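To be precise, the following lines are final_3.cif, and they hold mmCIF, C-alpha atoms and all ligand atoms.
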data_my_file
#
loop_
_atom_site.label_atom_id
_atom_site.label_comp_id
_atom_site.auth_asym_id
_atom_site.auth_seq_id
_atom_site.Cartn_x
_atom_site.Cartn_y
_atom_site.Cartn_z
CA MET A 1 23.50 26.28 161.42
CA SER A 2 27.18 25.73 162.21
CA SER A 3 29.71 28.54 161.80
CA HIS A 4 32.57 28.55 159.32
CA TRP A 5 35.13 27.43 161.92
CA GLU A 6 32.89 24.66 163.31
CA GLU A 7 32.44 23.36 159.78
CA PHE A 8 36.22 23.48 159.30
CA PHE A 9 36.84 21.21 162.31
CA ALA A 10 33.92 18.93 161.35
CA THR A 11 35.33 18.36 157.86
CA HIS A 12 39.10 18.18 158.53
CA LEU A 13 40.73 15.42 160.54
CA PRO A 14 43.37 16.23 163.18
CA PRO A 15 47.02 15.30 162.45
CA SER A 16 48.03 11.71 163.29
CA ASP A 17 50.10 12.73 166.36
CA PHE A 18 47.36 15.00 167.68
CA GLU A 19 46.41 12.93 170.74
CA ASP A 20 50.07 12.70 171.83
CA ASN A 21 50.42 16.46 171.59
CA ARG A 22 47.15 17.01 173.42
CA LYS A 23 48.42 14.86 176.27
CA LEU A 24 51.71 16.78 176.42
CA LEU A 25 49.85 20.09 176.44
CA LYS A 26 47.54 18.93 179.22
CA GLU A 27 50.39 17.68 181.44
CA PHE A 28 52.48 20.80 180.85
CA CYS A 29 49.61 23.19 181.57
CA GLU A 30 48.44 21.34 184.67
CA ARG A 31 51.94 21.47 186.15
CA GLN A 32 52.39 25.17 185.34
CA ASN A 33 48.94 26.04 186.64
CA LYS A 34 49.62 24.31 189.96
CA LEU A 35 52.75 26.47 190.25
CA GLN A 36 50.56 29.53 189.56
CA ASN A 37 52.91 30.60 186.76
CA ASN A 38 52.08 32.99 183.97
CA ILE A 39 52.02 31.22 180.65
CA VAL A 40 52.42 32.29 177.02
CA LEU A 41 51.47 30.43 173.86
CA ILE A 42 53.75 31.57 171.05
CA THR A 43 52.81 30.56 167.50
CA SER A 44 55.63 30.84 165.02
CA GLY A 45 56.37 30.19 161.34
CA GLY A 46 54.15 29.74 158.32
CA THR A 47 51.48 27.14 157.60
CA THR A 48 51.39 25.09 154.39
CA ILE A 49 48.47 24.42 152.05
CA PRO A 50 48.75 20.88 150.68
CA LEU A 51 47.60 20.44 147.07
CA GLU A 52 47.14 16.65 147.34
CA HIS A 53 46.10 14.30 150.17
CA ASN A 54 49.26 12.26 149.55
CA THR A 55 51.15 15.49 149.62
CA VAL A 56 53.92 15.96 147.11
CA ARG A 57 53.29 19.65 146.53
CA PHE A 58 52.07 22.44 148.75
CA VAL A 59 51.78 26.23 148.84
CA ASP A 60 53.89 27.93 151.48
CA ASN A 61 54.71 31.44 152.66
CA PHE A 62 57.77 33.49 153.58
CA SER A 63 57.84 33.06 157.35
CA ALA A 64 60.92 31.38 158.82
CA GLY A 65 59.68 31.64 162.39
CA THR A 66 62.13 34.37 163.18
CA ARG A 67 59.72 36.46 165.26
CA GLY A 68 58.62 33.62 167.49
CA SER A 69 62.03 32.16 168.03
CA SER A 70 63.94 35.04 166.46
CA LYS A 71 67.22 34.57 164.78
CA ASN A 72 70.29 36.58 165.46
CA LEU A 73 73.21 35.55 163.36
CA TYR A 74 76.14 34.34 165.35
CA ARG A 75 78.74 36.86 164.28
CA SER A 76 82.04 35.87 165.83
CA SER A 77 83.34 34.57 169.07
CA LEU A 78 84.81 38.02 169.71
CA LEU A 79 81.34 39.50 169.95
CA ASN A 80 80.29 40.39 173.48
CA ILE A 81 77.62 37.79 174.22
CA GLN A 82 75.76 40.21 176.51
CA ASN A 83 74.77 42.03 173.37
CA LEU A 84 73.59 38.98 171.50
CA GLY A 85 69.87 38.99 171.45
CA SER A 86 67.70 36.12 172.38
CA ALA A 87 64.21 35.94 171.03
CA SER A 88 60.51 36.15 171.83
CA ALA A 89 60.40 32.69 173.41
CA GLU A 90 63.74 33.21 175.16
CA TYR A 91 62.64 36.63 176.42
CA PHE A 92 59.37 35.31 177.81
CA LEU A 93 61.36 32.63 179.64
CA GLU A 94 63.55 35.38 181.09
CA HIS A 95 60.37 37.10 182.33
CA SER A 96 59.55 33.81 184.14
CA TYR A 97 56.68 32.81 181.87
CA ALA A 98 56.06 29.18 181.06
CA VAL A 99 56.20 28.92 177.26
CA ILE A 100 54.31 26.74 174.79
CA PHE A 101 56.30 27.16 171.61
CA MET A 102 53.99 26.08 168.79
CA HIS A 103 56.06 26.26 165.64
CA ARG A 104 56.25 25.14 162.05
CA GLN A 105 58.29 21.97 161.83
CA LYS A 106 61.91 22.71 160.88
CA SER A 107 61.54 26.46 161.47
CA LEU A 108 63.80 28.28 163.92
CA GLU A 109 63.64 27.29 167.56
CA PRO A 110 64.76 29.07 170.72
CA PHE A 111 68.42 28.50 171.69
CA THR A 112 69.44 26.42 168.64
CA ARG A 113 68.55 29.40 166.41
CA HIS A 114 71.82 31.04 167.41
CA PHE A 115 73.85 28.55 165.39
CA ASN A 116 73.45 28.25 161.67
CA GLY A 117 74.47 25.16 159.73
CA GLN A 118 78.11 24.31 160.28
CA GLN A 119 78.72 27.14 162.76
CA PHE A 120 78.08 24.84 165.67
CA PHE A 121 80.61 22.26 164.48
CA ASP A 122 83.14 25.06 163.91
CA MET A 123 82.97 25.81 167.63
CA LEU A 124 83.99 22.27 168.60
CA GLU A 125 87.28 20.42 168.64
CA LEU A 126 87.85 16.68 168.35
CA SER A 127 90.78 15.31 170.35
CA ASP A 128 91.94 12.72 167.77
CA ARG A 129 91.76 12.35 164.01
CA GLU A 130 91.30 8.59 164.50
CA ILE A 131 88.23 8.17 166.72
CA GLY A 132 88.67 5.73 169.58
CA PRO A 133 87.24 5.04 173.08
CA SER A 134 89.34 7.82 174.63
CA SER A 135 88.37 10.47 172.05
CA THR A 136 86.78 13.60 173.46
CA ILE A 137 85.00 16.65 172.09
CA SER A 138 85.62 20.08 173.56
CA VAL A 139 84.49 23.64 172.89
CA LYS A 140 87.20 25.81 171.34
CA PRO A 141 88.39 28.32 173.96
CA ASP A 142 87.34 31.33 171.87
CA SER A 143 83.81 29.91 171.47
CA VAL A 144 83.08 29.37 175.18
CA ASP A 145 81.93 32.99 175.62
CA VAL A 146 79.37 32.49 172.86
CA LEU A 147 78.14 29.01 173.69
CA ALA A 148 78.12 29.00 177.49
CA PRO A 149 75.46 31.69 178.15
CA ILE A 150 73.07 30.19 175.60
CA LEU A 151 73.65 26.69 176.92
CA ALA A 152 73.10 27.91 180.50
CA LYS A 153 69.75 29.48 179.54
CA TYR A 154 68.75 26.37 177.61
CA LYS A 155 69.60 24.08 180.53
CA ARG A 156 67.77 26.33 183.01
CA ALA A 157 64.58 26.27 180.92
CA ALA A 158 64.85 22.54 180.19
CA GLU A 159 65.56 21.52 183.80
CA ALA A 160 62.69 23.69 185.10
CA LYS A 161 60.48 22.13 182.37
CA GLN A 162 59.51 25.70 181.55
CA ILE A 163 59.07 25.25 177.79
CA LEU A 164 57.04 22.84 175.66
CA TYR A 165 57.70 22.46 171.93
CA ILE A 166 54.79 21.50 169.66
CA ASN A 167 55.07 21.54 165.89
CA PHE A 168 52.72 21.86 162.93
CA THR A 169 53.05 21.86 159.15
CA SER A 170 49.73 22.48 157.44
CA VAL A 171 47.06 25.01 158.28
CA VAL A 172 44.79 22.14 159.39
CA ASP A 173 47.43 20.90 161.90
CA TYR A 174 47.80 24.47 163.14
CA MET A 175 44.07 24.91 163.74
CA TRP A 176 43.73 21.65 165.71
CA LEU A 177 46.77 22.35 167.86
CA LEU A 178 45.74 25.92 168.52
CA ARG A 179 42.33 24.77 169.72
CA ALA A 180 43.86 22.04 171.90
CA SER A 181 46.27 24.59 173.41
CA CYS A 182 43.40 26.93 174.18
CA GLU A 183 41.49 24.14 175.92
CA CYS A 184 44.42 23.83 178.32
CA LEU A 185 45.12 27.57 178.62
CA ALA A 186 41.56 28.49 179.56
CA ALA A 187 42.21 27.46 183.18
CA PHE A 188 44.93 30.13 183.54
CA GLU A 189 42.34 32.84 182.80
CA LYS A 190 44.06 36.26 182.99
CA ARG A 191 47.52 34.68 183.54
CA ALA A 192 47.59 33.37 179.95
CA VAL A 193 49.06 35.36 177.07
CA LEU A 194 48.50 34.29 173.46
CA TYR A 195 51.19 35.72 171.18
CA LEU A 196 49.98 34.79 167.70
CA ALA A 197 52.99 35.52 165.51
CA ALA A 198 52.58 32.66 163.02
CA ALA A 199 51.85 33.59 159.42
CA VAL A 200 48.65 31.59 159.06
CA SER A 201 47.39 30.88 155.54
CA ASP A 202 44.28 32.82 154.61
CA PHE A 203 43.40 30.44 151.76
CA TYR A 204 43.38 26.66 151.41
CA ILE A 205 41.95 23.72 149.49
CA PRO A 206 39.27 21.98 151.57
CA SER A 207 39.78 18.27 152.16
CA ASP A 208 36.86 17.18 149.95
CA LYS A 209 38.14 19.28 147.01
CA MET A 210 41.69 17.93 147.12
CA PRO A 211 42.90 15.12 144.83
CA VAL A 212 44.10 11.98 146.61
CA HIS A 213 47.20 11.41 144.48
CA LYS A 214 49.96 13.52 142.97
CA ILE A 215 48.62 15.94 140.36
CA GLN A 216 49.88 14.77 136.96
CA SER A 217 51.68 17.35 134.85
CA GLY A 218 50.76 15.38 131.72
CA GLU A 219 47.19 16.53 132.22
CA GLY A 220 48.24 20.16 131.73
CA ALA A 221 48.51 23.04 134.20
CA PRO A 222 45.90 22.57 136.94
CA THR A 223 43.42 25.26 137.86
CA ILE A 224 43.46 25.47 141.63
CA SER A 225 40.57 27.03 143.44
CA LEU A 226 41.32 28.20 146.96
CA GLN A 227 38.80 28.94 149.69
CA LEU A 228 38.98 31.16 152.75
CA VAL A 229 40.37 29.70 155.97
CA PRO A 230 38.06 30.69 158.86
CA LYS A 231 39.45 33.54 160.99
CA ILE A 232 40.30 31.59 164.08
CA LEU A 233 40.72 34.71 166.23
CA ALA A 234 36.93 34.93 166.38
CA PRO A 235 36.19 31.75 168.43
CA LEU A 236 39.56 31.99 170.16
CA VAL A 237 38.86 35.38 171.77
CA SER A 238 35.15 35.04 172.38
CA LEU A 239 34.82 31.35 173.30
CA TRP A 240 38.04 29.45 173.92
CA VAL A 241 40.10 31.79 176.12
CA PRO A 242 37.76 34.71 176.88
CA ASN A 243 39.76 35.85 179.94
CA ALA A 244 43.25 35.65 178.45
CA PHE A 245 45.47 38.46 177.16
CA VAL A 246 45.41 37.92 173.39
CA VAL A 247 47.99 39.56 171.14
CA SER A 248 47.64 39.14 167.39
CA PHE A 249 50.06 40.28 164.70
CA LYS A 250 49.20 42.10 161.50
CA LEU A 251 51.42 41.84 158.47
CA GLU A 252 50.97 44.15 155.49
CA THR A 253 53.08 45.25 152.58
CA ASP A 254 51.27 48.61 152.21
CA GLU A 255 52.04 51.01 155.08
CA ASN A 256 48.81 52.94 154.39
CA LEU A 257 46.72 49.94 155.44
CA LEU A 258 48.63 48.92 158.55
CA ILE A 259 47.00 50.89 161.39
CA ALA A 260 43.50 50.86 159.89
CA LYS A 261 43.58 47.08 159.44
CA SER A 262 44.92 46.57 162.97
CA ARG A 263 42.15 48.73 164.45
CA GLU A 264 39.61 46.88 162.35
CA SER A 265 40.89 43.59 163.80
CA LEU A 266 40.67 44.93 167.38
CA ASN A 267 37.13 46.20 166.80
CA LYS A 268 36.06 42.94 165.24
CA TYR A 269 37.62 40.41 167.61
CA LYS A 270 37.82 42.55 170.78
CA HIS A 271 41.23 41.34 171.88
CA LYS A 272 43.84 43.47 173.62
CA LEU A 273 46.66 44.28 171.27
CA VAL A 274 47.81 44.07 167.67
CA ILE A 275 51.49 44.19 166.84
CA ALA A 276 51.65 45.51 163.29
CA ASN A 277 54.56 45.19 160.90
CA ILE A 278 55.54 45.67 157.28
CA LEU A 279 57.13 42.71 155.51
CA GLN A 280 60.39 44.43 154.54
CA THR A 281 61.01 46.30 157.81
CA ARG A 282 59.66 43.76 160.31
CA LYS A 283 63.06 43.13 161.88
CA ASN A 284 63.57 46.72 163.02
CA ARG A 285 60.15 48.33 163.34
CA VAL A 286 56.73 47.32 164.68
CA ILE A 287 53.70 49.33 165.78
CA PHE A 288 51.79 48.51 168.95
CA VAL A 289 48.11 49.17 168.28
CA THR A 290 45.58 49.07 171.13
CA PRO A 291 41.92 50.14 170.95
CA THR A 292 42.95 53.67 172.01
CA THR A 293 46.64 54.17 171.16
CA SER A 294 49.37 53.34 168.70
CA TYR A 295 53.11 53.73 169.04
CA GLU A 296 56.23 52.48 167.34
CA VAL A 297 58.92 50.20 168.70
CA VAL A 298 62.02 50.78 166.60
CA LEU A 299 65.48 49.28 166.65
CA THR A 300 68.17 51.78 165.68
CA ARG A 301 71.07 50.77 163.44
CA GLU A 302 73.44 51.10 166.40
CA GLN A 303 71.25 48.88 168.57
CA ALA A 304 71.03 46.28 165.81
CA LEU A 305 74.78 46.35 165.30
CA SER A 306 75.34 45.91 169.01
CA GLY A 307 73.30 42.69 168.82
CA LEU A 308 69.98 43.86 170.27
CA GLU A 309 66.95 42.17 168.72
CA ILE A 310 63.62 43.92 168.34
CA GLU A 311 61.93 41.02 170.13
CA GLU A 312 63.52 42.14 173.41
CA PRO A 313 61.61 45.47 173.64
CA ILE A 314 58.53 43.88 172.05
CA VAL A 315 58.34 41.18 174.74
CA ALA A 316 59.14 43.68 177.53
CA ASP A 317 56.20 45.83 176.40
CA VAL A 318 53.83 42.88 176.08
CA VAL A 319 54.78 41.75 179.60
CA ARG A 320 54.20 45.27 180.95
CA LYS A 321 50.80 45.46 179.25
CA HIS A 322 49.89 41.99 180.53
CA ASP A 323 50.84 43.05 184.10
CA GLU A 324 48.60 46.13 183.80
CA PHE A 325 45.77 43.95 182.47
CA VAL A 326 46.11 41.51 185.38
CA SER A 327 46.12 44.27 188.00
CA THR A 328 43.15 46.05 186.42
CA ILE A 329 41.13 42.83 186.67
CA GLU A 330 42.26 42.23 190.26
CA HIS A 331 41.10 45.72 191.26
CA GLN A 332 37.67 45.42 189.64
O1 LIG B 1 58.41 34.53 160.96
P1 LIG B 1 59.15 35.83 160.70
O2 LIG B 1 59.97 35.79 159.45
O3 LIG B 1 59.90 36.28 161.92
O4 LIG B 1 58.05 36.98 160.46
C1 LIG B 1 57.26 37.42 161.52
C2 LIG B 1 55.83 37.74 161.00
C3 LIG B 1 55.90 38.85 159.97
C4 LIG B 1 55.22 36.48 160.40
C5 LIG B 1 55.00 38.20 162.24
O5 LIG B 1 55.56 39.34 162.81
C6 LIG B 1 53.56 38.50 161.82
O6 LIG B 1 53.21 39.59 161.40
N1 LIG B 1 52.67 37.48 161.92
C7 LIG B 1 51.27 37.55 161.49
C8 LIG B 1 51.20 37.45 159.99
C9 LIG B 1 49.81 37.32 159.51
O7 LIG B 1 49.38 36.22 159.24
O8 LIG B 1 49.11 38.40 159.49
P2 LIG B 1 47.57 38.43 159.01
O9 LIG B 1 47.26 39.84 158.83
O10 LIG B 1 47.36 37.51 157.83
O11 LIG B 1 46.76 37.80 160.23
C10 LIG B 1 46.47 38.58 161.35
C11 LIG B 1 46.14 37.71 162.56
O12 LIG B 1 45.02 36.89 162.27
C12 LIG B 1 47.31 36.80 162.96
O13 LIG B 1 47.67 37.02 164.32
C13 LIG B 1 46.78 35.40 162.79
O14 LIG B 1 47.07 34.58 163.92
C14 LIG B 1 45.27 35.57 162.70
N2 LIG B 1 44.66 34.66 161.73
C15 LIG B 1 45.12 34.56 160.47
C16 LIG B 1 44.50 33.70 159.58
C17 LIG B 1 43.39 32.95 160.02
N3 LIG B 1 42.77 32.12 159.21
N4 LIG B 1 42.94 33.07 161.28
C18 LIG B 1 43.54 33.92 162.14
O15 LIG B 1 43.10 34.05 163.29
#
Show me the file's structure as structure tokens.
Amino acid sequence: MSSHWEEFFATHLPPSDFEDNRKLLKEFCERQNKLQNNIVLITSGGTTIPLEHNTVRFVDNFSAGTRGSSKNLYRSSLLNIQNLGSASAEYFLEHSYAVIFMHRQKSLEPFTRHFNGQQFFDMLELSDREIGPSSTISVKPDSVDVLAPILAKYKRAAEAKQILYINFTSVVDYMWLLRASCECLAAFEKRAVLYLAAAVSDFYIPSDKMPVHKIQSGEGAPTISLQLVPKILAPLVSLWVPNAFVVSFKLETDENLLIAKSRESLNKYKHKLVIANILQTRKNRVIFVTPTTSYEVVLTREQALSGLEIEEPIVADVVRKHDEFVSTIEHQ
């Protein structure tokens, strides 16, 4: 008898661009593995639950992908850029990891996250009102301090081909891409970190229960019956990347459940670390839960005001724990 997750893959088709993404993943991982680099897969943003095959409507969740890419509002060009945070993906790049950034389409991305809406245009100047062949665009002098360090980091990562961007929308896309990523990451063994920060839907409408066309409002309010999405951590940890350093996240709204649920997850899936957070305070407090310990990582008000992001100490701690994990295995 097949398991819940096997049945899920057997009954749900991959997204149309799946083979292209699989090829990109394979090429990226082979190159990074030859270089003997550490690698991290970061999942970021929420997954959607389509209500129709020809999707007009879907159920979504809160996640904007802040944790994975992390967003620090650009405050003003007077702000000391050294204090501007970068984010989980940017921090892993700084720790010399190769990064697969698997994110919800249109959610925040590393580097561009620093500039909201028109802010980027406000940093630029156009030489002439009437645009002609000699027109130029320049960065306003008071914006160079803000833009240059981010651009330098972006260029460094892009030129070194150190980051690969892969995007998903629905929970089905997410599952297929996660499995394809794991197929490529398995070869890295202990050098791979999985940092599963996406807010993955727990419920969905299976393909065979979904109407083909737009649900008609004239037929009255629909009764929608959702089913459980298989917990993908189970095959991921035990079968797909059994030697990797797997970090899952746990989101709750009730503080009383947070540690117990994280421990339960560690006991059940046998991975290395859960980073637990509460919805309302997730930007300044998380709890690292391991099978034997738990401790808080907190951002003080002063640190937040000075531009530090909580993802900086989070990533530093994950990297330290990964290093310890690698050396323990090497000394066995
Ligand atoms: O995006 P932001 O606004 O920055 O918010 C960041 C965050 C709150 C989304 C992030 O810090 C976080 O907590 N992410 C995990 C949220 C979540 O889905 O928690 P969960 O308790 O439902 O799932 C726990 C773990 O199980 C997750 O690591 C998930 O990858 C995994 N899971 C979930 C569903 C599923 N079907 N299979 C899974 O394996």
* **Selected residue, from A:Ile314, A:Ile163, A:Leu108, A:Ile100, that lies nearest to Ala64 of chain A when counting all atoms listed in the file** =>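 The shortest atom-to-atom distance to Ala64 of chain A comes from A:Leu108.
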* Asked: So which residues are near ligand LIG 1 (chain B), meaning at most 7 Å away with all atoms listed in the file counted, given back as a PyMOL selection string?
  -> chain A and resi 44-46+62-68+70+196-202+229-234+248-252+276-277+279+282
How would the residues just chosen look if you wrote them out with C-alpha atoms as a PDB file, in the coordinates of the input?
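Result file is again_6.pdb:
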ATOM      1  CA  SER A  44      55.630  30.840 165.020  1.00  0.00           C
ATOM      2  CA  GLY A  45      56.370  30.190 161.340  1.00  0.00           C
ATOM      3  CA  GLY A  46      54.150  29.740 158.320  1.00  0.00           C
ATOM      4  CA  PHE A  62      57.770  33.490 153.580  1.00  0.00           C
ATOM      5  CA  SER A  63      57.840  33.060 157.350  1.00  0.00           C
ATOM      6  CA  ALA A  64      60.920  31.380 158.820  1.00  0.00           C
ATOM      7  CA  GLY A  65      59.680  31.640 162.390  1.00  0.00           C
ATOM      8  CA  THR A  66      62.130  34.370 163.180  1.00  0.00           C
ATOM      9  CA  ARG A  67      59.720  36.460 165.260  1.00  0.00           C
ATOM     10  CA  GLY A  68      58.620  33.620 167.490  1.00  0.00           C
ATOM     11  CA  SER A  70      63.940  35.040 166.460  1.00  0.00           C
ATOM     12  CA  LEU A 196      49.980  34.790 167.700  1.00  0.00           C
ATOM     13  CA  ALA A 197      52.990  35.520 165.510  1.00  0.00           C
ATOM     14  CA  ALA A 198      52.580  32.660 163.020  1.00  0.00           C
ATOM     15  CA  ALA A 199      51.850  33.590 159.420  1.00  0.00           C
ATOM     16  CA  VAL A 200      48.650  31.590 159.060  1.00  0.00           C
ATOM     17  CA  SER A 201      47.390  30.880 155.540  1.00  0.00           C
ATOM     18  CA  ASP A 202      44.280  32.820 154.610  1.00  0.00           C
ATOM     19  CA  VAL A 229      40.370  29.700 155.970  1.00  0.00           C
ATOM     20  CA  PRO A 230      38.060  30.690 158.860  1.00  0.00           C
ATOM     21  CA  LYS A 231      39.450  33.540 160.990  1.00  0.00           C
ATOM     22  CA  ILE A 232      40.300  31.590 164.080  1.00  0.00           C
ATOM     23  CA  LEU A 233      40.720  34.710 166.230  1.00  0.00           C
ATOM     24  CA  ALA A 234      36.930  34.930 166.380  1.00  0.00           C
ATOM     25  CA  SER A 248      47.640  39.140 167.390  1.00  0.00           C
ATOM     26  CA  PHE A 249      50.060  40.280 164.700  1.00  0.00           C
ATOM     27  CA  LYS A 250      49.200  42.100 161.500  1.00  0.00           C
ATOM     28  CA  LEU A 251      51.420  41.840 158.470  1.00  0.00           C
ATOM     29  CA  GLU A 252      50.970  44.150 155.490  1.00  0.00           C
ATOM     30  CA  ALA A 276      51.650  45.510 163.290  1.00  0.00           C
ATOM     31  CA  ASN A 277      54.560  45.190 160.900  1.00  0.00           C
ATOM     32  CA  LEU A 279      57.130  42.710 155.510  1.00  0.00           C
ATOM     33  CA  ARG A 282      59.660  43.760 160.310  1.00  0.00           C
TER      34      ARG A 282
END
* Tell me which of A:Trp176, A:Tyr154, A:Phe188, A:Trp5 sits closest to Asn243 of chain A, counting all atoms listed in the file. =>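 Counting all atoms listed in the file, the residue closest to Asn243 of chain A is A:Phe188.
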* Asked: For Leu178 of chain A, which residue among A:Phe288, A:Phe58, A:Phe28, A:Tyr195 is the nearest when counting only C-alpha atoms?
  ->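 Checking each candidate against Leu178 of chain A, we get A:Tyr195 as the closest.
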* **Nearest residue to Glu312 of chain A from the set A:Ala152, A:Ala10, A:Leu93, A:Ile137 (distances using only C-alpha atoms)** =>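 Smallest separation from Glu312 of chain A among the options: A:Leu93.
Atom CA of Asp323 of chain A lies 17.6 Å from atom CA of Ile42 of chain A.
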* To do: Find the distance between atom CA of Gln105 of chain A and atom CA of Cys182 of chain A and write it in Å to one decimal.
  => 20.0 Å
* Nearest candidate to Ala192 of chain A (options A:Val241, A:Ile131, A:Ala158, A:Ile215; using all atoms listed in the file) -> A:Val241
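Of the listed residues (A:Tyr204, A:Tyr91, A:Phe325, A:Tyr295), A:Tyr91 comes nearest to Glu309 of chain A; the distances count all atoms listed in the file.
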* Could you give me, as a list of chain:residue names, the residues within 7 Å of Ala98 of chain A, counting all atoms listed in the file and dropping anything in the same chain fewer than 3 positions from it? =>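 Here the qualifying residues turn out to be A:Gln32, A:Asn37, A:Asn38, A:Ile39, A:Val40, A:Leu93, A:Gln162, A:Ile163.
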